[in-house]
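Take a look at the structure below.
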Amino acid sequence: MITEEMVLLLIFWRLIQNTEKKKAAERGIEYNPDNLVFCTRKGTYIYPRNFTKMWSENLRSMGIDHKRFHDLRHTVATVMLEDGEAMNTVQEQLGHYDAGFTASRYGHVTAKMRNSAAVKLGERLEKVRNPEAEDEEDANSVKKEDTVIPFQEGRKLKSAACKIK
């Protein structure tokens with residue numbers, strides 16, 4: 001799946017290429033006979049070595065340290081996971097056969113993700129500790145027996161068991 005914006009950009013790019021084809025035809029030159037989406041200025045295949053060179057030069061011109069082009073896949077996967085997408089969704093978007101492979105190779109955990117998980121856990125614990133502070137709807141989902149007793153130093157507990165939904 002791609003975004004509507006990407007579809008529009010690809011349509012615009014095709015219009016540019018069609019203009020280039022017409023200009024080349026007027027000069028008796030064949031341009032991009034294979035209808036490649038991305039090609040050289042002459043309309044021929046881009047060789048991997050040349051692409052890597054162009055990629056590196058573009059990064060350098062923007063002041064970005066060298067990154068492999070393939071690293072963009074890792075970035076996309078990580079951003080999708082940060083945004084809360086399910087691993088299965090990320091796996092399918094990347095075209096992987098197995099979500100376990102996606103998780104082990106592309107599921108990088110970021111500081112943002114760790115922080116978000118800690119905040120969510122803290123919010124859940126706060127709801128359990130202070131059910132009366134919740135609004136009416138949330139209060140119905142927390143029962144009296146689910147309340148966690150905060151630890152007090154020096155206090156001995158008969159049971160450390162607690163239940164958190």
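Each chain of the structure tokens is named A, B, ... in the order shown, its residues numbered from 1; ligands are numbered from 1 in display order.
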What parts of range 48-144 of chain A does DSSP call helix (DSSP H, G or I)? I'd like the answer as a PyMOL selection string.
chain A and resi 48-61+71-82+87-94+99-106+111-129+131-133+136-139+144
Could you give me, as a Markdown table, a per-residue list for range 36-93 of chain A showing, wherever an atom lies at most 12 Å from an atom of range 114-124 of chain A, the closest pair of atoms and their distance in Å to one decimal, using only C-alpha atoms and sorting by chain then residue number from low to high?
```
| residue | atom | partner | partner_atom | distance |
| --- | --- | --- | --- | --- |
| A:Leu81 | CA | A:Ser116 | CA | 11.7 |
| A:Glu82 | CA | A:Ser116 | CA | 8.8 |
| A:Asp83 | CA | A:Ser116 | CA | 10.3 |
| A:Gly84 | CA | A:Ser116 | CA | 10.2 |
```
Take the residues from that selection and put them in a file with N, CA and C atoms, as a JSON list (two decimals), in the first residue's frame.
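Result saved to again17.json:
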```json
[["chain", "number", "residue", "atom", "x", "y", "z"],
["A", 81, "LEU", "N", 6.31, 1.13, 13.93],
["A", 81, "LEU", "CA", 6.15, 0.53, 15.26],
["A", 81, "LEU", "C", 6.01, 1.62, 16.32],
["A", 82, "GLU", "N", 6.79, 2.70, 16.21],
["A", 82, "GLU", "CA", 6.66, 3.82, 17.15],
["A", 82, "GLU", "C", 5.25, 4.40, 17.12],
["A", 83, "ASP", "N", 4.65, 4.40, 15.93],
["A", 83, "ASP", "CA", 3.30, 4.95, 15.78],
["A", 83, "ASP", "C", 2.22, 3.97, 16.19],
["A", 84, "GLY", "N", 2.63, 2.79, 16.68],
["A", 84, "GLY", "CA", 1.66, 1.84, 17.22],
["A", 84, "GLY", "C", 1.11, 0.84, 16.22]]
```
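Atom pair CA of Asp34 in chain A / CA of Leu94 in chain A: separated by 25.8 Å.
CA of Ile11 in chain A is found 22.9 Å from CA of Glu26 in chain A.
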Would you mind listing what lies within 9 Å of Leu36 in chain A as a PyMOL selection string, with only C-alpha atoms counted and same-chain residues fewer than 6 positions away left out?
chain A and resi 43-45
Closest-contact table, range 28-78 of chain A side, partner range 89-93 of chain A, 12 Å, counting only C-alpha atoms, as a Markdown table:
```
| residue | atom | partner | partner_atom | distance |
| --- | --- | --- | --- | --- |
| A:Arg73 | CA | A:Gln93 | CA | 10.1 |
| A:His74 | CA | A:Val90 | CA | 10.5 |
| A:Thr75 | CA | A:Val90 | CA | 11.5 |
| A:Val76 | CA | A:Val90 | CA | 8.7 |
| A:Ala77 | CA | A:Val90 | CA | 6.1 |
| A:Thr78 | CA | A:Val90 | CA | 9.0 |
```
